[in-house]
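K.L.:
Contents of model-v2.txt (compact mmCIF, C-alpha atoms) are given next:
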# COMPACT_ATOMS: atom_id res chain seq x y z
CA VAL K 1 19.34 4.14 1.48
CA PHE K 2 16.62 1.74 2.65
CA GLN K 3 16.85 3.27 6.12
CA PHE K 4 15.98 6.69 4.72
CA ILE K 5 13.28 5.32 2.40
CA ASN K 6 11.54 3.75 5.39
CA TRP K 7 12.25 6.64 7.74
CA PRO K 8 9.38 6.79 10.25
CA THR K 9 7.66 10.17 10.17
CA ARG K 10 6.49 11.63 13.47
CA TYR K 11 4.29 14.71 13.70
CA ASP K 12 5.06 16.57 16.92
CA ASN K 13 1.96 18.18 18.46
CA ARG K 14 3.38 18.95 21.88
CA GLU K 15 3.30 22.73 21.41
CA ALA K 16 -0.31 22.59 20.16
CA ALA K 17 -1.32 20.36 23.07
CA LYS K 18 0.39 22.73 25.50
CA ALA K 19 -1.43 25.76 24.07
CA LEU K 20 -4.79 23.98 24.27
CA LYS K 21 -4.28 22.62 27.79
CA GLY K 22 -7.26 23.46 30.02
CA SER K 23 -9.37 24.76 27.12
CA GLY K 24 -11.36 21.57 26.68
CA ILE K 25 -10.10 21.35 23.09
CA SER K 26 -7.90 18.40 22.13
CA VAL K 27 -5.82 17.71 19.02
CA PRO K 28 -7.61 15.08 16.90
CA PRO K 29 -5.76 12.01 15.60
CA LEU K 30 -3.86 12.77 12.40
CA ASP K 31 -5.51 10.00 10.41
CA THR K 32 -8.92 11.67 10.86
CA TYR K 33 -8.00 14.82 8.92
CA ALA K 34 -4.73 14.18 7.03
CA ALA K 35 -6.57 13.09 3.86
CA LYS K 36 -8.51 16.36 3.74
CA ILE K 37 -5.36 18.46 4.12
CA TRP K 38 -3.54 16.44 1.45
CA ASP K 39 -6.50 16.75 -0.91
CA TYR K 40 -6.63 20.51 -0.40
CA TRP K 41 -2.90 20.82 -1.08
CA GLU K 42 -3.14 18.76 -4.28
CA ARG K 43 -6.06 20.81 -5.59
CA ASN K 44 -4.89 24.28 -4.61
CA LEU K 45 -1.25 24.49 -3.50
CA ASP K 46 0.75 21.97 -5.59
CA PRO K 47 3.25 24.06 -7.66
CA ASP K 48 2.75 21.74 -10.65
CA LEU K 49 -0.82 23.03 -10.95
CA PHE K 50 0.43 26.41 -12.11
CA ILE K 51 2.64 25.14 -14.95
CA ASP K 52 1.11 25.78 -18.37
CA ARG K 53 1.63 22.43 -20.10
CA THR K 54 0.81 23.65 -23.58
CA LEU K 55 3.04 24.62 -26.48
CA SER K 56 2.06 28.24 -26.02
CA GLY K 57 2.93 28.02 -22.33
CA ARG K 58 6.44 26.90 -23.27
CA VAL K 59 7.30 29.09 -26.27
CA LYS K 60 5.16 32.23 -26.19
CA GLY K 61 7.48 35.19 -26.54
CA LYS K 62 10.54 32.91 -26.64
CA VAL K 63 13.19 32.81 -29.38
CA CYS K 64 13.03 29.49 -31.25
CA VAL K 65 15.69 28.72 -33.86
CA VAL K 66 14.74 26.08 -36.44
CA THR K 67 17.34 24.98 -38.96
CA GLY K 68 16.17 23.65 -42.30
CA GLY K 69 13.11 25.81 -41.79
CA SER K 70 12.33 26.42 -45.45
CA SER K 71 10.72 23.03 -46.15
CA GLY K 72 9.62 19.68 -44.72
CA ILE K 73 9.78 19.13 -40.97
CA GLY K 74 11.39 22.52 -40.33
CA HIS K 75 8.66 24.38 -42.20
CA ALA K 76 5.87 22.53 -40.39
CA THR K 77 7.59 23.04 -37.02
CA ALA K 78 8.05 26.77 -37.64
CA LEU K 79 4.34 27.14 -38.40
CA LYS K 80 3.33 25.40 -35.16
CA LEU K 81 5.75 27.46 -33.07
CA ALA K 82 4.61 30.72 -34.64
CA GLU K 83 0.94 29.87 -34.04
CA ALA K 84 1.83 29.31 -30.37
CA GLY K 85 3.29 32.82 -30.09
CA ALA K 86 7.01 32.11 -30.45
CA LYS K 87 9.55 34.40 -32.09
CA VAL K 88 10.51 31.96 -34.81
CA VAL K 89 13.97 32.16 -36.36
CA ILE K 90 14.28 29.95 -39.44
CA VAL K 91 17.62 29.10 -41.05
CA ALA K 92 18.27 27.60 -44.49
CA ARG K 93 20.39 28.20 -47.58
CA ASP K 94 17.75 29.50 -50.01
CA PRO K 95 16.65 33.10 -49.21
CA GLU K 96 13.63 32.88 -51.51
CA LYS K 97 12.22 29.79 -49.82
CA LEU K 98 12.86 31.38 -46.42
CA GLY K 99 10.99 34.48 -47.54
CA ALA K 100 8.00 32.39 -48.65
CA VAL K 101 7.79 30.71 -45.24
CA LYS K 102 8.12 34.09 -43.50
CA GLN K 103 5.21 35.46 -45.53
CA GLU K 104 3.10 32.42 -44.71
CA ILE K 105 3.78 32.77 -40.99
CA GLU K 106 3.12 36.51 -40.94
CA ALA K 107 -0.10 36.02 -42.91
CA ARG K 108 -1.26 33.84 -40.02
CA GLY K 109 -0.36 36.51 -37.49
CA GLY K 110 2.95 35.01 -36.38
CA THR K 111 6.43 36.46 -35.97
CA CYS K 112 9.26 35.14 -38.11
CA PHE K 113 12.88 36.09 -38.78
CA THR K 114 14.93 34.56 -41.57
CA TYR K 115 18.68 33.95 -41.85
CA SER K 116 20.34 32.47 -44.91
CA CYS K 117 23.25 30.21 -43.99
CA ASP K 118 25.10 27.17 -45.28
CA LEU K 119 25.22 25.01 -42.14
CA ALA K 120 28.00 22.90 -43.62
CA ASP K 121 30.28 25.97 -43.51
CA MET K 122 31.72 26.47 -40.03
CA ALA K 123 32.63 30.13 -40.59
CA SER K 124 29.09 30.85 -41.78
CA ILE K 125 27.71 29.25 -38.61
CA ASP K 126 29.85 31.54 -36.44
CA ALA K 127 28.52 34.58 -38.29
CA LEU K 128 24.95 33.28 -38.04
CA ALA K 129 25.16 32.70 -34.27
CA GLN K 130 26.65 36.13 -33.65
CA LYS K 131 23.95 37.77 -35.77
CA VAL K 132 21.08 35.89 -34.07
CA LEU K 133 22.36 36.69 -30.57
CA ALA K 134 22.96 40.32 -31.52
CA ASP K 135 19.44 40.64 -32.96
CA HIS K 136 17.50 38.73 -30.30
CA GLY K 137 19.75 38.63 -27.24
CA THR K 138 19.20 34.97 -26.55
CA VAL K 139 18.03 31.62 -27.90
CA ASP K 140 15.55 29.64 -25.82
CA PHE K 141 14.96 26.70 -28.17
CA LEU K 142 17.23 25.26 -30.84
CA VAL K 143 15.76 22.68 -33.23
CA ASN K 144 18.58 21.06 -35.21
CA ASN K 145 16.55 19.88 -38.17
CA ALA K 146 18.74 20.59 -41.20
CA GLY K 147 20.31 17.42 -42.53
CA ARG K 148 21.55 15.43 -45.48
CA SER K 149 20.64 11.80 -46.18
CA ILE K 150 22.41 9.40 -48.53
CA ARG K 151 20.96 5.98 -49.41
CA ARG K 152 23.75 3.90 -50.90
CA ALA K 153 25.25 0.50 -50.12
CA VAL K 154 28.83 0.47 -48.87
CA LEU K 155 30.02 -1.51 -51.92
CA ASN K 156 28.69 1.31 -54.09
CA SER K 157 30.45 3.89 -51.91
CA LEU K 158 34.02 2.62 -52.10
CA ASP K 159 35.09 5.54 -54.28
CA ARG K 160 32.71 8.02 -52.63
CA PHE K 161 34.39 8.88 -49.36
CA HIS K 162 33.02 12.38 -49.80
CA ASP K 163 29.54 10.97 -49.02
CA PHE K 164 30.70 10.29 -45.48
CA GLU K 165 32.43 13.66 -45.24
CA ARG K 166 29.38 15.59 -46.44
CA THR K 167 26.94 13.92 -44.06
CA MET K 168 29.25 14.38 -41.09
CA GLN K 169 29.91 18.00 -42.04
CA LEU K 170 26.24 18.99 -42.00
CA ASN K 171 24.51 16.46 -39.74
CA TYR K 172 27.18 16.37 -37.03
CA PHE K 173 29.77 19.15 -37.21
CA GLY K 174 27.28 21.80 -38.30
CA ALA K 175 24.78 20.89 -35.58
CA VAL K 176 27.47 20.69 -32.87
CA LYS K 177 28.94 24.03 -33.97
CA LEU K 178 25.54 25.67 -33.60
CA ILE K 179 24.96 24.04 -30.20
CA LEU K 180 28.32 25.27 -28.93
CA ALA K 181 27.52 28.78 -30.15
CA PHE K 182 24.22 29.01 -28.26
CA LEU K 183 25.03 26.94 -25.15
CA PRO K 184 26.88 29.67 -23.20
CA LYS K 185 23.89 32.02 -23.34
CA MET K 186 21.49 29.21 -22.41
CA ALA K 187 23.65 28.28 -19.41
CA GLU K 188 23.96 31.94 -18.40
CA GLN K 189 20.20 32.49 -18.41
CA ARG K 190 19.70 29.02 -16.86
CA ARG K 191 17.13 27.96 -19.42
CA GLY K 192 17.23 26.43 -22.86
CA HIS K 193 16.22 23.38 -24.81
CA ILE K 194 18.16 21.70 -27.63
CA ILE K 195 16.16 19.36 -29.85
CA ASN K 196 17.93 17.22 -32.42
CA ILE K 197 16.01 15.65 -35.30
CA SER K 198 17.81 12.32 -35.36
CA SER K 199 16.75 9.16 -37.15
CA ILE K 200 15.11 5.83 -36.42
CA GLY K 201 18.13 4.45 -38.26
CA VAL K 202 20.23 5.18 -35.15
CA LEU K 203 18.15 2.52 -33.39
CA SER K 204 17.49 0.12 -36.28
CA ARG K 205 20.91 0.32 -37.99
CA ALA K 206 19.22 -0.34 -41.32
CA PRO K 207 21.53 -1.10 -44.28
CA ARG K 208 22.40 1.41 -47.02
CA PHE K 209 22.48 4.32 -44.57
CA SER K 210 25.96 3.89 -43.10
CA ALA K 211 26.97 7.50 -43.87
CA TYR K 212 23.71 9.07 -42.68
CA VAL K 213 23.20 6.93 -39.57
CA ALA K 214 26.84 7.35 -38.49
CA SER K 215 26.47 11.14 -38.54
CA LYS K 216 23.18 11.06 -36.62
CA SER K 217 24.59 8.57 -34.11
CA ALA K 218 27.51 10.90 -33.46
CA LEU K 219 25.13 13.80 -32.77
CA ASP K 220 23.03 11.61 -30.46
CA ALA K 221 26.11 10.57 -28.48
CA PHE K 222 27.47 14.11 -28.23
CA THR K 223 24.13 15.44 -26.99
CA GLU K 224 23.67 12.71 -24.40
CA CYS K 225 27.17 13.28 -23.01
CA ALA K 226 26.71 17.06 -22.89
CA ALA K 227 23.23 16.76 -21.36
CA SER K 228 24.63 15.42 -18.10
CA GLU K 229 26.87 18.47 -17.81
CA PHE K 230 24.13 21.05 -18.35
CA LEU K 231 21.10 19.52 -16.63
CA ASP K 232 21.66 21.44 -13.38
CA LYS K 233 22.06 24.64 -15.41
CA GLY K 234 18.50 24.46 -16.70
CA VAL K 235 19.46 23.37 -20.23
CA HIS K 236 17.47 20.38 -21.53
CA THR K 237 18.13 18.16 -24.54
CA THR K 238 15.94 15.83 -26.58
CA ASN K 239 16.92 13.47 -29.39
CA ILE K 240 14.03 12.55 -31.68
CA ASN K 241 14.66 9.28 -33.53
CA MET K 242 12.38 10.33 -36.36
CA PRO K 243 10.85 7.64 -38.58
CA LEU K 244 10.60 8.06 -42.33
CA VAL K 245 8.94 11.39 -43.21
CA ARG K 246 7.70 12.44 -46.64
CA THR K 247 9.97 15.42 -47.27
CA PRO K 248 12.02 16.71 -50.22
CA MET K 249 15.03 14.89 -48.73
CA ILE K 250 13.59 11.45 -49.56
CA ALA K 251 12.03 12.46 -52.89
CA PRO K 252 14.94 11.13 -55.03
CA THR K 253 14.31 7.61 -53.67
CA LYS K 254 11.30 6.57 -55.73
CA ILE K 255 10.48 3.42 -53.76
CA TYR K 256 9.48 5.65 -50.85
CA GLU K 257 6.48 6.78 -52.89
CA ASN K 258 4.85 3.43 -52.10
CA VAL K 259 5.81 2.91 -48.45
CA PRO K 260 4.11 4.34 -45.34
CA THR K 261 5.63 7.58 -44.05
CA LEU K 262 4.80 10.37 -41.64
CA SER K 263 3.68 13.72 -42.98
CA PRO K 264 5.80 16.78 -42.08
CA GLU K 265 2.92 17.96 -39.86
CA GLU K 266 2.94 14.66 -37.93
CA ALA K 267 6.71 14.92 -37.55
CA ALA K 268 6.33 18.48 -36.27
CA GLY K 269 3.91 17.09 -33.69
CA LEU K 270 6.79 15.05 -32.26
CA VAL K 271 8.84 18.25 -31.97
CA VAL K 272 5.94 19.84 -30.10
CA ASP K 273 5.85 16.87 -27.70
CA ALA K 274 9.57 17.32 -27.11
CA ILE K 275 9.15 21.01 -26.28
CA VAL K 276 6.17 20.52 -23.98
CA HIS K 277 7.31 17.43 -22.07
CA ARG K 278 11.13 17.66 -22.37
CA PRO K 279 11.88 13.94 -22.64
CA VAL K 280 15.47 12.80 -23.15
CA ARG K 281 14.45 10.83 -26.24
CA ILE K 282 11.41 10.37 -28.45
CA ALA K 283 11.23 7.17 -30.47
CA THR K 284 8.58 4.97 -32.01
CA ARG K 285 7.85 1.57 -30.49
CA LEU K 286 9.31 -0.09 -33.56
CA GLY K 287 12.51 1.91 -33.16
CA VAL K 288 12.84 0.91 -29.51
CA PHE K 289 12.09 -2.71 -30.44
CA ALA K 290 14.85 -2.61 -33.06
CA ALA K 291 17.34 -1.30 -30.51
CA VAL K 292 16.36 -4.06 -28.07
CA CYS K 293 16.83 -6.66 -30.82
CA HIS K 294 20.34 -5.39 -31.49
CA ALA K 295 21.10 -5.60 -27.76
CA ILE K 296 19.77 -9.10 -27.01
CA ALA K 297 20.11 -10.89 -30.38
CA PRO K 298 22.63 -8.99 -32.52
CA LYS K 299 23.46 -11.86 -34.89
CA LEU K 300 19.83 -12.73 -35.60
CA THR K 301 19.05 -9.05 -36.13
CA GLN K 302 21.86 -8.78 -38.67
CA VAL K 303 20.44 -11.77 -40.55
CA MET K 304 17.03 -10.07 -40.72
CA LEU K 305 18.58 -6.79 -41.88
CA ASN K 306 20.59 -8.64 -44.52
CA THR K 307 17.33 -10.07 -45.86
CA ALA K 308 15.88 -6.56 -46.05
CA PHE K 309 19.08 -5.34 -47.70
CA HIS K 310 18.62 -7.77 -50.59
CA MET K 311 14.87 -7.12 -50.75
CA PHE K 312 15.26 -3.37 -51.43
CA PRO K 313 17.97 -2.66 -54.04
CA ASP K 314 19.99 0.51 -54.52
CA SER K 315 18.47 3.08 -56.84
CA SER K 316 19.92 3.44 -60.33
CA ALA K 317 21.59 6.69 -59.30
CA ALA K 318 23.19 5.04 -56.25
CA GLN K 319 24.54 2.33 -58.56
CA GLY K 320 26.01 4.96 -60.87
CA LYS K 321 23.54 4.25 -63.68
CA LYS K 322 21.90 7.14 -65.50
CA GLY K 323 18.37 7.04 -66.83
CA GLY K 324 17.45 3.78 -65.13
CA GLU K 325 13.82 3.30 -64.23
CA GLN K 326 12.78 2.24 -60.74
CA LYS K 327 10.87 -1.03 -60.81
CA PRO K 328 7.54 -1.00 -58.96
CA LEU K 329 7.55 -2.61 -55.53
CA THR K 330 6.53 -6.24 -55.34
CA PRO K 331 3.71 -7.33 -52.98
CA GLU K 332 6.38 -8.84 -50.69
CA GLN K 333 8.28 -5.55 -50.52
CA ILE K 334 5.11 -3.59 -49.80
CA ALA K 335 4.08 -6.04 -47.05
CA PHE K 336 7.54 -5.88 -45.44
CA ALA K 337 7.52 -2.07 -45.57
CA GLN K 338 4.09 -2.04 -43.90
CA ILE K 339 5.27 -4.33 -41.10
CA THR K 340 8.38 -2.23 -40.50
CA GLN K 341 6.62 1.11 -40.94
CA GLY K 342 8.86 4.11 -40.56
CA ILE K 343 12.22 2.35 -40.98
CA HIS K 344 14.44 3.52 -43.84
CA TRP K 345 15.12 0.67 -46.30
Just give me the structure as structure tokens.
P.N.:
Amino acid sequence: VFQFINWPTRYDNREAAKALKGSGISVPPLDTYAAKIWDYWERNLDPDLFIDRTLSGRVKGKVCVVTGGSSGIGHATALKLAEAGAKVVIVARDPEKLGAVKQEIEARGGTCFTYSCDLADMASIDALAQKVLADHGTVDFLVNNAGRSIRRAVLNSLDRFHDFERTMQLNYFGAVKLILAFLPKMAEQRRGHIINISSIGVLSRAPRFSAYVASKSALDAFTECAASEFLDKGVHTTNINMPLVRTPMIAPTKIYENVPTLSPEEAAGLVVDAIVHRPVRIATRLGVFAAVCHAIAPKLTQVMLNTAFHMFPDSSAAQGKKGGEQKPLTPEQIAFAQITQGIHW
């Protein structure tokens, strides 16, 4: 390998010298003009110059499927894609909410198609995929955004195995089923991009989210394994380890009203970055730091997470209590949430 890295390059000018022999013209030394040729190539001939590195350059006229597109991150993402000229396909359970988003997009001059589907129902997903492919012929971008989150300590989940089943059914099996439905066409056309809205919890392993984080971790692992198989077929994948976002999904947890979160529009900006730049993963610095802590000091990290676990209690609903009021956050809790901004507690 080192031999090839250091391979000496020789520029053969014997034919040029032969053609110029007797003309009084000689070939100048390479180092006197190589910089000018290289500069000209970089400014005028480099193929990368002609790539439109904007959202519109990526999605204009392309079919973009966004699940959970009736609210939150999916809604904000659909608006951005439509403004960039994409053919936006939004999927959710509620037809009325889908219709409202469609009207909003069309009022702004965009193109939107709606499909009502329960993404926890495997048969419904098959029908959805067949309908989308029949209507549009292909799918260029798939944003797996639909998801279910459950915030409950394991000791309060001992008789709630269905919590783990429900999160896996939607967050993992539903997303994988949709990926498998669209992958063949992406591979056939040798282009496609699958974007999964994962969670910072996959990196931080925060307590109380064992059901949710397990389902998102499974989707992350599946996607990373599959990505290596499809990279040479032009199909790209990106996992976004999304920090806490103020969406209807977190509304039942009242303590989140007083902790820093991203807006849906800011979260949609991360989806745009994924589409434009095609990274393997998008994560916040705090998320990456948390993953490093788990790798190099797992025991100490568990001690810190245990402290946070006792600092932020389960909600009354998670404890099985009805009508309980959520106590306001203490100054210590607020300070800790500020320091660990974006992590689910």
K.L.:
Which is closest to His344 in chain K among K:Leu244, K:Ile5, K:Leu203, K:Ala291, if we use only C-alpha atoms?
P.N.:
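With only C-alpha atoms as the atom set, the closest residue is K:Leu244.
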K.L.:
So the first atom is CA of Val288 in chain K and the second is CA of Leu270 in chain K; what is the distance between them in Å, to one decimal place?
P.N.:
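About the pair CA of Val288 in chain K and CA of Leu270 in chain K: they are 15.6 Å apart.
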K.L.:
With distances taken over only C-alpha atoms, which residue among K:Asn306, K:Thr301, K:Gln189, K:Ser71 lies nearest Pro264 in chain K?
P.N.:
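Looking only at the distances to Pro264 in chain K, the closest residue turns out to be K:Ser71.
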K.L.:
Return the single residue from K:Leu133, K:Ala153, K:Val27, K:Ile73 that is closest to His310 in chain K, with distances computed using only C-alpha atoms.
P.N.:
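That would be K:Ala153, the residue with the smallest distance to His310 in chain K.
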K.L.:
For Arg205 in chain K, find every residue with an atom within 9 Å (counting only C-alpha atoms), except residues of its own chain fewer than 6 positions away, and show them as a list in words.
P.N.:
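Result of the neighbour search: Val213, Ala290, Ala291, His294 and Leu305 of chain K.
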K.L.:
Quote the spacing between CA of Tyr115 in chain K and CA of Ala146 in chain K in Å to one decimal place.
P.N.:
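Computed distance, CA of Tyr115 in chain K to CA of Ala146 in chain K, equals 13.4 Å.
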K.L.:
So which one's closest to Leu55 in chain K, K:Leu180, K:Phe336, K:Val272, K:Thr223? Using all atoms listed in the file, please.
P.N.:
K:Val272
K.L.:
Could you please determine the separation between CA of Ile195 in chain K and CA of Lys62 in chain K in Å, to one decimal place?
P.N.:
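Computing the Euclidean distance for CA of Ile195 in chain K and CA of Lys62 in chain K yields 15.0 Å.
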K.L.:
Which residues are close to range 79-86 of chain K, i.e. within 8 Å by all atoms listed in the file, leaving aside same-chain residues fewer than 4 positions away? Reply as a list in words.
P.N.:
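Skipping anything fewer than 4 positions along the chain leaves Leu55, Ser56, Val59, Lys60, Gly61, Lys62, Val63, Cys64, His75, Ile105, Arg108, Gly109, Gly110, Thr111, Cys112, Ala268 and Val272 of chain K.
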K.L.:
Write the selection just made, keeping C-alpha atoms, as a PDB file, in the coordinates of the input?
P.N.:
ATOM      1  CA  LEU K  55       3.040  24.620 -26.480  1.00  0.00           C
ATOM      2  CA  SER K  56       2.060  28.240 -26.020  1.00  0.00           C
ATOM      3  CA  VAL K  59       7.300  29.090 -26.270  1.00  0.00           C
ATOM      4  CA  LYS K  60       5.160  32.230 -26.190  1.00  0.00           C
ATOM      5  CA  GLY K  61       7.480  35.190 -26.540  1.00  0.00           C
ATOM      6  CA  LYS K  62      10.540  32.910 -26.640  1.00  0.00           C
ATOM      7  CA  VAL K  63      13.190  32.810 -29.380  1.00  0.00           C
ATOM      8  CA  CYS K  64      13.030  29.490 -31.250  1.00  0.00           C
ATOM      9  CA  HIS K  75       8.660  24.380 -42.200  1.00  0.00           C
ATOM     10  CA  ILE K 105       3.780  32.770 -40.990  1.00  0.00           C
ATOM     11  CA  ARG K 108      -1.260  33.840 -40.020  1.00  0.00           C
ATOM     12  CA  GLY K 109      -0.360  36.510 -37.490  1.00  0.00           C
ATOM     13  CA  GLY K 110       2.950  35.010 -36.380  1.00  0.00           C
ATOM     14  CA  THR K 111       6.430  36.460 -35.970  1.00  0.00           C
ATOM     15  CA  CYS K 112       9.260  35.140 -38.110  1.00  0.00           C
ATOM     16  CA  ALA K 268       6.330  18.480 -36.270  1.00  0.00           C
ATOM     17  CA  VAL K 272       5.940  19.840 -30.100  1.00  0.00           C
TER      18      VAL K 272
END
K.L.:
From the structure just shown, export range 183-192 of chain K with all heavy atoms as a PDB file, in the first residue's frame.
P.N.:
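The result, written out as decode.pdb:
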ATOM      1  N   LEU K 183     -36.856  -0.607  -1.413  1.00  0.00           N
ATOM      2  CA  LEU K 183     -35.459  -0.862  -1.773  1.00  0.00           C
ATOM      3  C   LEU K 183     -35.270  -1.444  -3.175  1.00  0.00           C
ATOM      4  O   LEU K 183     -34.370  -1.007  -3.905  1.00  0.00           O
ATOM      5  CB  LEU K 183     -34.808  -1.784  -0.742  1.00  0.00           C
ATOM      6  CG  LEU K 183     -33.900  -1.129   0.291  1.00  0.00           C
ATOM      7  CD1 LEU K 183     -33.340  -2.172   1.252  1.00  0.00           C
ATOM      8  CD2 LEU K 183     -32.760  -0.369  -0.372  1.00  0.00           C
ATOM      9  N   PRO K 184     -36.066  -2.440  -3.583  1.00  0.00           N
ATOM     10  CA  PRO K 184     -35.841  -3.014  -4.920  1.00  0.00           C
ATOM     11  C   PRO K 184     -35.880  -1.974  -6.036  1.00  0.00           C
ATOM     12  O   PRO K 184     -35.038  -1.988  -6.944  1.00  0.00           O
ATOM     13  CB  PRO K 184     -36.969  -4.036  -5.051  1.00  0.00           C
ATOM     14  CG  PRO K 184     -37.300  -4.424  -3.652  1.00  0.00           C
ATOM     15  CD  PRO K 184     -37.138  -3.163  -2.860  1.00  0.00           C
ATOM     16  N   LYS K 185     -36.837  -1.053  -5.968  1.00  0.00           N
ATOM     17  CA  LYS K 185     -36.941  -0.028  -7.014  1.00  0.00           C
ATOM     18  C   LYS K 185     -35.771   0.937  -6.939  1.00  0.00           C
ATOM     19  O   LYS K 185     -35.232   1.356  -7.975  1.00  0.00           O
ATOM     20  CB  LYS K 185     -38.259   0.741  -6.848  1.00  0.00           C
ATOM     21  CG  LYS K 185     -38.591   1.629  -8.039  1.00  0.00           C
ATOM     22  CD  LYS K 185     -38.810   0.805  -9.302  1.00  0.00           C
ATOM     23  CE  LYS K 185     -39.185   1.675 -10.490  1.00  0.00           C
ATOM     24  NZ  LYS K 185     -39.390   0.874 -11.710  1.00  0.00           N
ATOM     25  N   MET K 186     -35.343   1.288  -5.722  1.00  0.00           N
ATOM     26  CA  MET K 186     -34.175   2.160  -5.569  1.00  0.00           C
ATOM     27  C   MET K 186     -32.934   1.506  -6.166  1.00  0.00           C
ATOM     28  O   MET K 186     -32.153   2.152  -6.878  1.00  0.00           O
ATOM     29  CB  MET K 186     -33.942   2.473  -4.088  1.00  0.00           C
ATOM     30  CG  MET K 186     -34.959   3.400  -3.459  1.00  0.00           C
ATOM     31  SD  MET K 186     -34.542   3.756  -1.724  1.00  0.00           S
ATOM     32  CE  MET K 186     -35.798   4.981  -1.318  1.00  0.00           C
ATOM     33  N   ALA K 187     -32.742   0.216  -5.869  1.00  0.00           N
ATOM     34  CA  ALA K 187     -31.572  -0.494  -6.392  1.00  0.00           C
ATOM     35  C   ALA K 187     -31.644  -0.615  -7.912  1.00  0.00           C
ATOM     36  O   ALA K 187     -30.625  -0.504  -8.610  1.00  0.00           O
ATOM     37  CB  ALA K 187     -31.465  -1.876  -5.744  1.00  0.00           C
ATOM     38  N   GLU K 188     -32.856  -0.831  -8.431  1.00  0.00           N
ATOM     39  CA  GLU K 188     -33.028  -0.957  -9.878  1.00  0.00           C
ATOM     40  C   GLU K 188     -32.681   0.337 -10.590  1.00  0.00           C
ATOM     41  O   GLU K 188     -32.009   0.325 -11.639  1.00  0.00           O
ATOM     42  CB  GLU K 188     -34.474  -1.354 -10.173  1.00  0.00           C
ATOM     43  CG  GLU K 188     -34.806  -1.447 -11.653  1.00  0.00           C
ATOM     44  CD  GLU K 188     -36.279  -1.660 -11.906  1.00  0.00           C
ATOM     45  OE1 GLU K 188     -36.944  -2.291 -11.059  1.00  0.00           O
ATOM     46  OE2 GLU K 188     -36.789  -1.175 -12.948  1.00  0.00           O
ATOM     47  N   GLN K 189     -33.117   1.467 -10.049  1.00  0.00           N
ATOM     48  CA  GLN K 189     -32.835   2.750 -10.686  1.00  0.00           C
ATOM     49  C   GLN K 189     -31.475   3.316 -10.293  1.00  0.00           C
ATOM     50  O   GLN K 189     -31.050   4.344 -10.804  1.00  0.00           O
ATOM     51  CB  GLN K 189     -33.927   3.761 -10.327  1.00  0.00           C
ATOM     52  CG  GLN K 189     -33.960   4.135  -8.857  1.00  0.00           C
ATOM     53  CD  GLN K 189     -35.164   4.983  -8.494  1.00  0.00           C
ATOM     54  OE1 GLN K 189     -36.082   5.130  -9.300  1.00  0.00           O
ATOM     55  NE2 GLN K 189     -35.172   5.550  -7.297  1.00  0.00           N
ATOM     56  N   ARG K 190     -30.800   2.599  -9.363  1.00  0.00           N
ATOM     57  CA  ARG K 190     -29.456   2.955  -8.897  1.00  0.00           C
ATOM     58  C   ARG K 190     -29.416   4.366  -8.290  1.00  0.00           C
ATOM     59  O   ARG K 190     -28.448   5.098  -8.449  1.00  0.00           O
ATOM     60  CB  ARG K 190     -28.417   2.824 -10.019  1.00  0.00           C
ATOM     61  CG  ARG K 190     -28.347   1.423 -10.617  1.00  0.00           C
ATOM     62  CD  ARG K 190     -27.112   1.228 -11.466  1.00  0.00           C
ATOM     63  NE  ARG K 190     -25.896   1.250 -10.647  1.00  0.00           N
ATOM     64  CZ  ARG K 190     -25.449   0.208  -9.943  1.00  0.00           C
ATOM     65  NH1 ARG K 190     -26.120  -0.933  -9.925  1.00  0.00           N
ATOM     66  NH2 ARG K 190     -24.340   0.316  -9.232  1.00  0.00           N
ATOM     67  N   ARG K 191     -30.458   4.689  -7.560  1.00  0.00           N
ATOM     68  CA  ARG K 191     -30.461   5.926  -6.788  1.00  0.00           C
ATOM     69  C   ARG K 191     -31.555   5.826  -5.722  1.00  0.00           C
ATOM     70  O   ARG K 191     -32.596   5.197  -5.939  1.00  0.00           O
ATOM     71  CB  ARG K 191     -30.690   7.159  -7.668  1.00  0.00           C
ATOM     72  CG  ARG K 191     -32.089   7.335  -8.194  1.00  0.00           C
ATOM     73  CD  ARG K 191     -32.288   8.676  -8.895  1.00  0.00           C
ATOM     74  NE  ARG K 191     -33.682   8.895  -9.247  1.00  0.00           N
ATOM     75  CZ  ARG K 191     -34.256   8.469 -10.351  1.00  0.00           C
ATOM     76  NH1 ARG K 191     -33.543   7.799 -11.242  1.00  0.00           N
ATOM     77  NH2 ARG K 191     -35.544   8.711 -10.570  1.00  0.00           N
ATOM     78  N   GLY K 192     -31.283   6.427  -4.606  1.00  0.00           N
ATOM     79  CA  GLY K 192     -32.251   6.423  -3.517  1.00  0.00           C
ATOM     80  C   GLY K 192     -31.575   6.822  -2.220  1.00  0.00           C
ATOM     81  O   GLY K 192     -30.353   6.705  -2.081  1.00  0.00           O
TER      82      GLY K 192
END
